[in-house]
Structures are given as structure tokens and as C-alpha cells.
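Structure data follow from start.pdb (PDB, C-alpha atoms and all ligand atoms):
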ATOM      1  CA  MET P   7     117.688  89.661  80.858
ATOM      2  CA  VAL P   8     114.328  91.167  81.812
ATOM      3  CA  LYS P   9     114.751  94.536  83.475
ATOM      4  CA  PRO P  10     113.315  94.902  86.994
ATOM      5  CA  ILE P  11     110.552  97.247  88.070
ATOM      6  CA  LEU P  12     111.690  99.543  90.871
ATOM      7  CA  VAL P  13     109.147  99.972  93.686
ATOM      8  CA  THR P  14     109.947 102.985  95.855
ATOM      9  CA  GLY P  15     108.300 102.562  99.244
ATOM     10  CA  GLY P  16     108.285  98.824  98.554
ATOM     11  CA  THR P  17     108.363  98.193 102.321
ATOM     12  CA  GLY P  18     105.235 100.288 103.012
ATOM     13  CA  ASP P  19     101.573  99.254 103.234
ATOM     14  CA  LEU P  20     100.852  99.793  99.549
ATOM     15  CA  GLY P  21     104.350  99.019  98.266
ATOM     16  CA  ARG P  22     104.319  95.545  99.827
ATOM     17  CA  GLU P  23     101.113  94.737  97.926
ATOM     18  CA  VAL P  24     102.647  96.018  94.697
ATOM     19  CA  VAL P  25     105.738  93.863  95.229
ATOM     20  CA  ARG P  26     103.559  90.805  95.985
ATOM     21  CA  ARG P  27     101.619  91.238  92.741
ATOM     22  CA  LEU P  28     104.690  91.777  90.576
ATOM     23  CA  ALA P  29     106.275  88.682  92.099
ATOM     24  CA  ALA P  30     103.085  86.678  91.480
ATOM     25  CA  GLU P  31     103.414  87.621  87.800
ATOM     26  CA  SER P  32     107.074  86.506  87.909
ATOM     27  CA  ARG P  33     108.232  90.041  87.137
ATOM     28  CA  PRO P  34     111.670  90.965  88.478
ATOM     29  CA  VAL P  35     111.321  93.513  91.291
ATOM     30  CA  ARG P  36     113.763  95.906  92.922
ATOM     31  CA  ILE P  37     112.621  97.211  96.298
ATOM     32  CA  MET P  38     113.848 100.616  97.409
ATOM     33  CA  SER P  39     114.216 101.244 101.133
ATOM     34  CA  ARG P  40     116.373 103.254 103.521
ATOM     35  CA  ARG P  41     116.849 100.085 105.559
ATOM     36  CA  PRO P  42     119.447  97.390 104.947
ATOM     37  CA  ARG P  43     118.400  94.373 102.932
ATOM     38  CA  PRO P  44     116.583  91.917 105.230
ATOM     39  CA  SER P  45     117.829  88.366 105.146
ATOM     40  CA  GLY P  46     115.711  86.015 103.103
ATOM     41  CA  THR P  47     114.224  88.534 100.665
ATOM     42  CA  ALA P  48     113.860  87.064  97.200
ATOM     43  CA  HIS P  49     114.043  90.425  95.447
ATOM     44  CA  GLU P  50     116.700  92.888  94.391
ATOM     45  CA  TRP P  51     117.196  95.472  97.128
ATOM     46  CA  ALA P  52     118.210  99.092  96.600
ATOM     47  CA  ARG P  53     119.186 100.797  99.820
ATOM     48  CA  CYS P  54     118.491 104.425  99.147
ATOM     49  CA  ASP P  55     117.388 107.613 100.827
ATOM     50  CA  LEU P  56     115.370 109.669  98.370
ATOM     51  CA  LYS P  57     115.838 112.798 100.476
ATOM     52  CA  THR P  58     119.627 112.809 100.415
ATOM     53  CA  GLY P  59     119.999 110.913  97.132
ATOM     54  CA  ASP P  60     122.292 108.312  98.749
ATOM     55  CA  GLY P  61     122.107 105.127  96.659
ATOM     56  CA  LEU P  62     119.732 106.653  94.105
ATOM     57  CA  ALA P  63     121.852 106.244  90.959
ATOM     58  CA  ASP P  64     122.226 102.502  91.635
ATOM     59  CA  ALA P  65     118.535 102.167  92.521
ATOM     60  CA  VAL P  66     117.300 103.463  89.152
ATOM     61  CA  ASP P  67     120.022 101.863  87.049
ATOM     62  CA  GLY P  68     118.630  99.565  84.341
ATOM     63  CA  VAL P  69     114.987  99.519  85.465
ATOM     64  CA  ALA P  70     112.068  98.962  83.078
ATOM     65  CA  ALA P  71     109.698 101.181  85.078
ATOM     66  CA  ILE P  72     109.340 102.830  88.477
ATOM     67  CA  ILE P  73     106.265 102.564  90.705
ATOM     68  CA  HIS P  74     106.715 105.463  93.120
ATOM     69  CA  CYS P  75     104.987 104.648  96.429
ATOM     70  CA  ALA P  76     107.511 106.205  98.826
ATOM     71  CA  SER P  77     106.239 109.110 100.863
ATOM     72  CA  THR P  78     107.634 111.342 103.580
ATOM     73  CA  LEU P  79     104.068 112.207 104.719
ATOM     74  CA  GLY P  80     104.502 115.815 103.733
ATOM     75  CA  ARG P  81     108.014 116.315 105.065
ATOM     76  CA  GLY P  82     109.712 116.595 101.687
ATOM     77  CA  ASP P  83     107.679 114.708  99.091
ATOM     78  CA  GLU P  84     108.244 117.307  96.391
ATOM     79  CA  GLN P  85     112.045 117.228  96.798
ATOM     80  CA  VAL P  86     112.073 113.430  97.036
ATOM     81  CA  THR P  87     110.123 113.192  93.775
ATOM     82  CA  ARG P  88     112.390 115.756  92.125
ATOM     83  CA  ASN P  89     115.458 113.730  93.147
ATOM     84  CA  LEU P  90     113.872 110.548  91.769
ATOM     85  CA  VAL P  91     112.885 112.209  88.487
ATOM     86  CA  GLU P  92     116.362 113.636  87.898
ATOM     87  CA  ALA P  93     118.031 110.284  88.581
ATOM     88  CA  ALA P  94     115.525 108.499  86.328
ATOM     89  CA  ARG P  95     116.251 110.927  83.486
ATOM     90  CA  ARG P  96     119.963 110.182  83.806
ATOM     91  CA  ALA P  97     119.166 106.442  83.780
ATOM     92  CA  GLY P  98     117.406 106.395  80.408
ATOM     93  CA  SER P  99     113.932 107.768  81.273
ATOM     94  CA  PRO P 100     111.871 104.747  82.337
ATOM     95  CA  HIS P 101     108.082 104.974  82.726
ATOM     96  CA  LEU P 102     107.288 106.562  86.118
ATOM     97  CA  VAL P 103     103.983 105.595  87.762
ATOM     98  CA  TYR P 104     102.989 107.686  90.775
ATOM     99  CA  ILE P 105     100.342 107.100  93.441
ATOM    100  CA  SER P 106      98.640 110.271  94.562
ATOM    101  CA  ILE P 107      95.545 111.157  96.604
ATOM    102  CA  VAL P 108      92.008 112.111  95.556
ATOM    103  CA  GLY P 109      91.178 115.730  96.365
ATOM    104  CA  ILE P 110      94.691 117.158  96.739
ATOM    105  CA  ASP P 111      93.732 120.008  94.438
ATOM    106  CA  VAL P 112      90.707 121.067  96.523
ATOM    107  CA  ILE P 113      91.832 120.312 100.098
ATOM    108  CA  ARG P 114      94.514 122.686 101.366
ATOM    109  CA  PHE P 115      96.621 120.697 103.786
ATOM    110  CA  PHE P 116     100.445 120.578 103.985
ATOM    111  CA  TYR P 117     100.717 116.911 103.015
ATOM    112  CA  TYR P 118      98.335 117.320 100.089
ATOM    113  CA  ASP P 119     100.208 120.437  98.925
ATOM    114  CA  GLU P 120     103.373 118.313  98.766
ATOM    115  CA  LYS P 121     101.571 115.590  96.797
ATOM    116  CA  LEU P 122     100.203 118.149  94.333
ATOM    117  CA  ALA P 123     103.672 119.666  93.902
ATOM    118  CA  SER P 124     105.055 116.152  93.323
ATOM    119  CA  GLU P 125     102.475 115.519  90.594
ATOM    120  CA  LYS P 126     103.590 118.752  88.916
ATOM    121  CA  VAL P 127     107.260 117.715  89.075
ATOM    122  CA  ILE P 128     106.319 114.458  87.323
ATOM    123  CA  GLU P 129     104.119 116.129  84.690
ATOM    124  CA  GLU P 130     106.959 118.493  83.785
ATOM    125  CA  SER P 131     109.716 115.873  84.078
ATOM    126  CA  GLY P 132     110.004 114.903  80.431
ATOM    127  CA  LEU P 133     109.732 111.276  81.574
ATOM    128  CA  PRO P 134     106.974 108.977  80.309
ATOM    129  CA  TRP P 135     104.526 109.168  83.231
ATOM    130  CA  THR P 136     101.248 107.965  84.708
ATOM    131  CA  VAL P 137      99.547 109.352  87.838
ATOM    132  CA  LEU P 138      96.780 107.570  89.738
ATOM    133  CA  ARG P 139      94.937 109.242  92.602
ATOM    134  CA  ALA P 140      93.300 106.972  95.183
ATOM    135  CA  THR P 141      91.046 107.607  98.180
ATOM    136  CA  GLN P 142      92.101 106.857 101.795
ATOM    137  CA  PHE P 143      93.296 103.309 102.408
ATOM    138  CA  HIS P 144      91.348 101.026 104.792
ATOM    139  CA  ASP P 145      94.339 100.901 107.082
ATOM    140  CA  LEU P 146      94.487 104.664 107.542
ATOM    141  CA  VAL P 147      90.781 104.827 108.425
ATOM    142  CA  ALA P 148      91.149 101.941 110.912
ATOM    143  CA  ARG P 149      94.173 103.611 112.480
ATOM    144  CA  ALA P 150      92.093 106.717 113.294
ATOM    145  CA  SER P 151      90.055 104.519 115.673
ATOM    146  CA  ALA P 152      92.886 102.235 116.802
ATOM    147  CA  ALA P 153      94.958 105.230 117.925
ATOM    148  CA  GLN P 154      92.172 106.110 120.417
ATOM    149  CA  ARG P 155      91.789 102.651 121.940
ATOM    150  CA  ARG P 156      92.790 103.844 125.431
ATOM    151  CA  LEU P 157      90.265 106.686 125.485
ATOM    152  CA  PRO P 158      86.775 106.159 126.944
ATOM    153  CA  VAL P 159      85.256 107.588 123.743
ATOM    154  CA  THR P 160      86.251 107.698 120.080
ATOM    155  CA  PHE P 161      86.403 111.139 118.490
ATOM    156  CA  MET P 162      85.508 111.441 114.820
ATOM    157  CA  PRO P 163      85.481 114.623 112.746
ATOM    158  CA  SER P 164      81.901 115.734 112.296
ATOM    159  CA  GLY P 165      80.544 115.726 108.745
ATOM    160  CA  PHE P 166      83.536 113.825 107.313
ATOM    161  CA  ARG P 167      82.911 110.960 104.932
ATOM    162  CA  PHE P 168      85.446 108.521 103.566
ATOM    163  CA  GLN P 169      85.521 106.105 100.659
ATOM    164  CA  PRO P 170      88.174 103.709 101.918
ATOM    165  CA  VAL P 171      89.927 101.550  99.376
ATOM    166  CA  SER P 172      91.933  98.365  99.681
ATOM    167  CA  THR P 173      95.684  98.604  99.091
ATOM    168  CA  GLY P 174      95.285  95.384  97.087
ATOM    169  CA  ASP P 175      92.916  97.107  94.660
ATOM    170  CA  VAL P 176      95.291 100.066  94.335
ATOM    171  CA  ALA P 177      98.268  97.750  93.815
ATOM    172  CA  ASP P 178      96.393  95.839  91.083
ATOM    173  CA  ARG P 179      95.811  99.100  89.239
ATOM    174  CA  LEU P 180      99.394 100.329  89.654
ATOM    175  CA  VAL P 181     100.843  97.075  88.324
ATOM    176  CA  ALA P 182      98.501  97.178  85.321
ATOM    177  CA  LEU P 183      99.451 100.815  84.657
ATOM    178  CA  ALA P 184     103.178 100.095  84.920
ATOM    179  CA  SER P 185     102.737  97.283  82.403
ATOM    180  CA  GLY P 186     101.021  99.546  79.877
ATOM    181  CA  GLU P 187     101.802 102.695  77.967
ATOM    182  CA  PRO P 188     102.374 105.961  79.875
ATOM    183  CA  SER P 189      98.886 107.441  80.290
ATOM    184  CA  GLY P 190      99.220 110.770  82.126
ATOM    185  CA  ARG P 191      96.493 111.352  84.752
ATOM    186  CA  VAL P 192      94.231 108.301  84.740
ATOM    187  CA  PRO P 193      90.732 108.038  86.305
ATOM    188  CA  ASP P 194      90.790 108.155  90.106
ATOM    189  CA  LEU P 195      90.353 104.987  92.133
ATOM    190  CA  GLY P 196      87.882 105.031  95.008
ATOM    191  CA  GLY P 197      86.667 102.345  97.366
ATOM    192  CA  PRO P 198      83.269 100.676  96.824
ATOM    193  CA  GLU P 199      81.362 102.683  99.485
ATOM    194  CA  VAL P 200      81.164 106.286 100.657
ATOM    195  CA  ARG P 201      80.618 106.169 104.416
ATOM    196  CA  ASP P 202      80.221 108.500 107.327
ATOM    197  CA  ALA P 203      83.261 108.663 109.650
ATOM    198  CA  ARG P 204      81.027 107.654 112.618
ATOM    199  CA  ASP P 205      79.777 104.627 110.753
ATOM    200  CA  LEU P 206      83.355 103.535 109.989
ATOM    201  CA  ALA P 207      84.333 103.993 113.652
ATOM    202  CA  GLN P 208      81.368 101.800 114.668
ATOM    203  CA  ALA P 209      82.423  99.126 112.181
ATOM    204  CA  TYR P 210      85.937  99.213 113.665
ATOM    205  CA  GLN P 211      84.572  98.816 117.207
ATOM    206  CA  ARG P 212      82.387  95.874 116.196
ATOM    207  CA  SER P 213      85.417  94.187 114.647
ATOM    208  CA  VAL P 214      87.417  94.419 117.892
ATOM    209  CA  GLY P 215      84.428  93.528 120.098
ATOM    210  CA  ARG P 216      84.224  96.895 121.829
ATOM    211  CA  ARG P 217      81.428  99.412 122.369
ATOM    212  CA  LYS P 218      82.056 102.974 123.382
ATOM    213  CA  PRO P 219      80.496 106.300 122.506
ATOM    214  CA  ILE P 220      81.530 108.015 119.306
ATOM    215  CA  VAL P 221      81.802 111.755 119.745
ATOM    216  CA  SER P 222      81.587 114.000 116.694
ATOM    217  CA  LEU P 223      84.156 116.760 116.780
ATOM    218  CA  TRP P 224      83.692 119.938 114.760
ATOM    219  CA  LEU P 225      87.021 120.803 113.138
ATOM    220  CA  PRO P 226      87.662 124.401 112.144
ATOM    221  CA  GLY P 227      89.604 125.556 109.080
ATOM    222  CA  LYS P 228      89.549 125.377 105.315
ATOM    223  CA  ALA P 229      90.882 121.827 105.038
ATOM    224  CA  ALA P 230      88.142 120.473 107.313
ATOM    225  CA  LYS P 231      85.520 122.418 105.350
ATOM    226  CA  ALA P 232      86.785 120.852 102.114
ATOM    227  CA  PHE P 233      86.602 117.377 103.687
ATOM    228  CA  ARG P 234      83.016 118.082 104.833
ATOM    229  CA  ALA P 235      82.218 119.106 101.251
ATOM    230  CA  GLY P 236      83.430 115.681 100.105
ATOM    231  CA  GLY P 237      86.636 116.833  98.406
ATOM    232  CA  ASN P 238      88.282 113.527  99.352
ATOM    233  CA  LEU P 239      85.611 111.428  97.607
ATOM    234  CA  THR P 240      85.178 110.122  94.099
ATOM    235  CA  PRO P 241      81.800 108.319  94.046
ATOM    236  CA  GLU P 242      81.834 108.254  90.232
ATOM    237  CA  ASN P 243      85.017 106.126  90.441
ATOM    238  CA  ALA P 244      83.954 103.623  93.111
ATOM    239  CA  THR P 245      85.779 100.850  91.289
ATOM    240  CA  GLY P 246      87.663  99.378  94.259
ATOM    241  CA  LYS P 247      86.186  96.045  95.320
ATOM    242  CA  GLY P 248      87.363  95.373  98.878
ATOM    243  CA  THR P 249      85.036  96.692 101.593
ATOM    244  CA  PHE P 250      86.047  98.070 104.989
ATOM    245  CA  GLU P 251      84.355  95.127 106.742
ATOM    246  CA  GLU P 252      86.317  92.647 104.630
ATOM    247  CA  PHE P 253      89.521  94.453 105.553
ATOM    248  CA  LEU P 254      88.621  94.400 109.269
ATOM    249  CA  ALA P 255      87.703  90.714 109.154
ATOM    250  CA  ALA P 256      91.034  89.850 107.516
ATOM    251  CA  ARG P 257      92.886  91.802 110.251
ATOM    252  CA  VAL P 258      91.235  89.857 113.055
TER     253      VAL P 258
HETATM  254  N1  LIG O   1      97.501 105.918 103.202
HETATM  255  C1  LIG O   1      96.517 106.378 102.423
HETATM  256  O1  LIG O   1      95.339 106.429 102.839
HETATM  257  C2  LIG O   1      96.818 106.804 100.995
HETATM  258  C3  LIG O   1      95.771 107.135 100.114
HETATM  259  C4  LIG O   1      96.077 107.483  98.803
HETATM  260  C5  LIG O   1      97.407 107.539  98.379
HETATM  261  N2  LIG O   1      98.400 107.235  99.280
HETATM  262  C6  LIG O   1      99.793 107.284  98.816
HETATM  263  O2  LIG O   1     100.261 105.952  98.705
HETATM  264  C7  LIG O   1     101.680 105.906  98.942
HETATM  265  C8  LIG O   1     101.991 104.784  99.929
HETATM  266  O3  LIG O   1     101.332 105.047 101.139
HETATM  267  P1  LIG O   1     101.509 104.015 102.358
HETATM  268  O4  LIG O   1     100.471 104.374 103.363
HETATM  269  O5  LIG O   1     101.608 102.622 101.833
HETATM  270  O6  LIG O   1     102.941 104.469 102.897
HETATM  271  P2  LIG O   1     103.768 103.915 104.151
HETATM  272  O7  LIG O   1     103.243 102.591 104.601
HETATM  273  O8  LIG O   1     103.829 105.039 105.149
HETATM  274  O9  LIG O   1     105.214 103.689 103.537
HETATM  275  C9  LIG O   1     106.039 104.765 103.204
HETATM  276  C10 LIG O   1     107.211 104.221 102.415
HETATM  277  O10 LIG O   1     108.035 105.326 102.000
HETATM  278  C11 LIG O   1     109.381 104.947 102.172
HETATM  279  N3  LIG O   1     110.174 106.153 102.431
HETATM  280  C12 LIG O   1     109.890 107.148 103.311
HETATM  281  N4  LIG O   1     110.846 108.083 103.279
HETATM  282  C13 LIG O   1     111.779 107.662 102.373
HETATM  283  C14 LIG O   1     113.005 108.197 101.906
HETATM  284  N5  LIG O   1     113.514 109.370 102.371
HETATM  285  N6  LIG O   1     113.689 107.500 100.958
HETATM  286  C15 LIG O   1     113.228 106.330 100.486
HETATM  287  N7  LIG O   1     112.064 105.773 100.891
HETATM  288  C16 LIG O   1     111.348 106.440 101.830
HETATM  289  C17 LIG O   1     109.408 103.977 103.359
HETATM  290  O11 LIG O   1     110.503 103.083 103.185
HETATM  291  P3  LIG O   1     111.582 102.703 104.346
HETATM  292  O12 LIG O   1     110.991 103.128 105.663
HETATM  293  O13 LIG O   1     111.734 101.208 104.200
HETATM  294  O14 LIG O   1     112.790 103.453 103.960
HETATM  295  C18 LIG O   1     108.089 103.234 103.185
HETATM  296  O15 LIG O   1     108.237 102.086 102.397
HETATM  297  C19 LIG O   1     102.066 107.316  99.408
HETATM  298  O16 LIG O   1     102.628 108.024  98.326
HETATM  299  C20 LIG O   1     100.748 107.949  99.815
HETATM  300  O17 LIG O   1     100.737 109.353  99.633
HETATM  301  C21 LIG O   1      98.143 106.858 100.563
END

Show the structure stored in the file as C-alpha cells.
Amino acid sequence: MVKPILVTGGTGDLGREVVRRLAAESRPVRIMSRRPRPSGTAHEWARCDLKTGDGLADAVDGVAAIIHCASTLGRGDEQVTRNLVEAARRAGSPHLVYISIVGIDVIRFFYYDEKLASEKVIEESGLPWTVLRATQFHDLVARASAAQRRLPVTFMPSGFRFQPVSTGDVADRLVALASGEPSGRVPDLGGPEVRDARDLAQAYQRSVGRRKPIVSLWLPGKAAKAFRAGGNLTPENATGKGTFEEFLAARV
């Protein structure tokens, strides 16, 4: 029997795309989630909480590889990854593929600190491992505007640029990496265009048929300074194909 690939965070924005691609290649998939198995899912389901470790031994049992997309958004990512690594070691040391974020080593921000610490846990785990860093997803950038839909203006951080990438492009890369040999840190994956935050907010407004002023907001602090310096960008790795406008058009 072919062993399944475990997708942690398989219910999330990126994880769902990973699951879709594995299924399209007829690869057996095991989705990890804290929620009960929904009716009608075609895949194996591992109900598990990576924070407490409940269900973890069963989740990693007999898997060919793990694509680790689960995230607590900075409220325990390091511990969650440590729990996963320890369980994976006990389960025969499958290849662990981790999705991380471009710039976590130059932007000091609590969530990024947790991602960096998680990378270190994986590097020192003794497991066969691969780590891919990606830029901000289209959805996250769109949400920054969508969250302000009731305001008369849209605030955008002044001097910030983004290189938004499609979760489909990231999922393609993760599936390819999980199918290959463990590769350590691989080249970063960035979206096809580096764009000003204002410009992205305008594109969002056009897509929803709205026009309102965009107000640039100067953010203080070291993290904001690092964003203004482009620490979140990887123009030399603009290998993602999907553009922000294509993402917005598909949403509508
Ligand atoms: N968003 C971005 O712009 C971006 C950019 C680069 C890299 N990344 C990385 O990509 C990954 C996926 O991001 P995303 O935006 O797709 O995430 P998301 O939609 O917020 O999904 C988070 C996932 O984590 C799972 N999860 C959370 N806490 C858990 C716990 N204690 N135990 C088990 N599962 C838990 C959730 O599963 P249940 O709720 O079903 O339990 C959910 O499937 C993250 O590692 C993130 O750091 C994101």
C-alpha cells in the first residue's frame, strides 16, 4: 500500500491547495485538523491538536512525508513544530517539508520570530528536511483592504511593498519538494511582481467596484523599517506565476 502524505494545516488557505494537487496526482493524503472529520471528505483525516499533542502519534503513523502548513500565527509555532518533529522521529523519520516566510531573519516581529525558531527546530531535528520560504499570499494582501471596507478611507503602511504570490504556485512547489529528495533550505518563492501597498489597495478597490481615498500611514518601529527596506521581498526569485489581478478576478 502506498503511504499517505500528511498535510498539517490541510484545511487552511495553502493546505487546501496542497491537498488538491496531491489528490490530482492520485497520491494518498492525510489531512490534519483540530476539527472533526467533515462528512464527504475523500481523504484520510487525522484529528489532532499540535499544541497539546492530542492525536499526534496517530497522525504521523505510517506517512511517507509531511508537508507542514499548520500555523498558530505566532502563538506557539515553535512548540507546535517541536511536537511534530518529535512525533515524526518516533514514527520512522519521514521527510518533513516546511513552509516559511521570506524575510523572517531580517524583520523582527513576534510571528516571524516564531517561524525562524521553527526553522531552527527542523534544521536540528535529525529528520530529512526541506524548507521553502514564500512571500505574502494574495489572500493576505487582499484581506488588508477587505478588513477596512466599512471605513471611508483605506489605510496602507507608507513605503511598504509586497510581492504577493498565489497559494497555487506555493502548493505546486511544496508538492514537488515533498516528492523529491530532502533539500534543506531551497530558493525562496516570490510572486511575479513587486508592488507598492497603495497600488495593491487600488487594484483591490477596482476589483470590488469601489473608489475611496488611500491614506498612507507611517508606522514606527524596527519591523516597519525592515519592511520599508524591502526585507519581505525576493525580486531575484520572482518565480510565482499568478498575478494579484488574476487572483482578484477569480474571487469575483
Ligand atoms: N499567509 C501568508 O501570506 C503566508 C506567506 C508565507 C508563508 N505562509 C505560511 O504558510 C502556512 C499556511 O498559511 P495559511 O495562510 O494557509 O494558514 P491558515 O489559512 O491560517 O491555516 C492555518 C492552518 O493551521 C491549522 N492549525 C492551527 N493551529 C493548529 C493546531 N494547534 N494544531 C493543528 N493544526 C492547527 C489550522 O487547522 P484547523 O483550524 O483545521 O485545526 C489551519 O488549517 C503558514 O505556516 C504560514 O506561516 C503564509

Can you tell me which residues come within 6 Å of ligand LIG 1 (chain O) when counting all atoms listed in the file, ideally as a PyMOL selection string? chain P and resi 15-21+39-41+54-57+75-78+105-107+140-143+146

List as a tab-separated table every residue of region 117-180 of chain P that is in contact with region 207-218 of chain P, defined as an atom at most 8 Å from one of its atoms (using only C-alpha atoms), together with the nearest atom pair and the distance in Å rounded to one decimal, sorted by chain and then rising number.
residue	atom	partner	partner_atom	distance
P:Ala148	CA	P:Tyr210	CA	6.5
P:Ser151	CA	P:Ala207	CA	6.1
P:Pro158	CA	P:Lys218	CA	6.7
P:Val159	CA	P:Lys218	CA	5.6
P:Thr160	CA	P:Lys218	CA	7.1
P:Met162	CA	P:Ala207	CA	7.6

Please evaluate the PyMOL selection byres (((chain P and resi 118-125) around 8) and not hetatm) against the structure above and give the resulting residues as a ChimeraX atom specification. /P:80,82-85,87-88,104,106-107,110-111,113-117,126-129,137

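Close contacts of region 177-194 of chain P, defined as residues with an atom at most 8 Å away when counting all atoms listed in the file, with chain neighbours fewer than 2 positions off set aside, comprise Leu20, Gly21, Glu23, Val24, Arg27, Leu28, Ala71, Ile72, Ile73, His101, Leu102, Val103, Ile105, Val108, Glu129, Pro134, Trp135, Thr136, Val137, Leu138, Arg139, Ala140, Thr173, Gly174, Asp175, Gly196, Thr240 and Asn243 of chain P.
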
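Across the chains present, the PyMOL selection byres (((chain P and resi 200) around 6) and not hetatm) applied to this file returns Phe168, Gln169, Glu199 and Arg201 of chain P.
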
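Of note, CA of Met38 (chain P) and CA of Leu133 (chain P) are spaced 19.5 Å apart.
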
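Picture a line from CA of Glu92 (chain P) to CA of Arg53 (chain P); it runs 17.7 Å.
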
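Using all atoms listed in the file, the nearest neighbour of Ser131 (chain P) within the list P:Met7, P:Ala93, P:Leu157, P:Val25 is P:Ala93.
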
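Selection result for the displayed file, with the PyMOL selection byres (((chain P and resi 37) around 6) and not hetatm) as criterion, is Leu12, Val13, Gly16, Arg36, Met38, Trp51 and Ala52 of chain P.
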
Could you take the residues named above and write them with C-alpha atoms, as a PDB file, in the frame of the given file?
ATOM      1  CA  LEU P  12     111.690  99.543  90.871  1.00  0.00           C
ATOM      2  CA  VAL P  13     109.147  99.972  93.686  1.00  0.00           C
ATOM      3  CA  GLY P  16     108.285  98.824  98.554  1.00  0.00           C
ATOM      4  CA  ARG P  36     113.763  95.906  92.922  1.00  0.00           C
ATOM      5  CA  MET P  38     113.848 100.616  97.409  1.00  0.00           C
ATOM      6  CA  TRP P  51     117.196  95.472  97.128  1.00  0.00           C
ATOM      7  CA  ALA P  52     118.210  99.092  96.600  1.00  0.00           C
TER       8      ALA P  52
END

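Reported to one decimal place, the separation of CA of Arg155 (chain P) from CA of Ser172 (chain P) is 22.7 Å.
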
Using all atoms listed in the file, the shortest atom-to-atom distance to Leu254 (chain P) among P:Ala63, P:Val147, P:Val221, P:Val8 belongs to P:Val147

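When all atoms listed in the file are used to measure the gap to His144 (chain P), the shortest distance among P:Ala29, P:Ile11, P:Val91, P:Ala256 belongs to P:Ala256.
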
Centre, edges in Å (one decimal): axis-aligned box, region 131-135 of chain P, 3 Å padding on all six sides, as lines of an AutoDock Vina configuration file:
center_x = 107.3
center_y = 112.4
center_z = 82.2
size_x = 11.5
size_y = 12.9
size_z = 9.8

Near Gly248 (chain P), within 8 Å and counting only C-alpha atoms, which residues show up once chain neighbours fewer than 2 positions away are dropped, as a PyMOL selection string? chain P and resi 171-172+175+197-198+246+250+252-253

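Compared by their closest atoms to Asn89 (chain P), and using all atoms listed in the file, the residues P:Ser45, P:Gly61, P:Val112, P:Val69 rank with P:Gly61 nearest.
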
Between P:Ala94, P:Ala235, P:Leu79, P:Ile220, single out the one closest to Phe161 (chain P), counting all atoms listed in the file. P:Ile220

Residue among P:Val176, P:Ala153, P:Val66, P:Leu90 lying closest to Arg22 (chain P), counting only C-alpha atoms: P:Val176
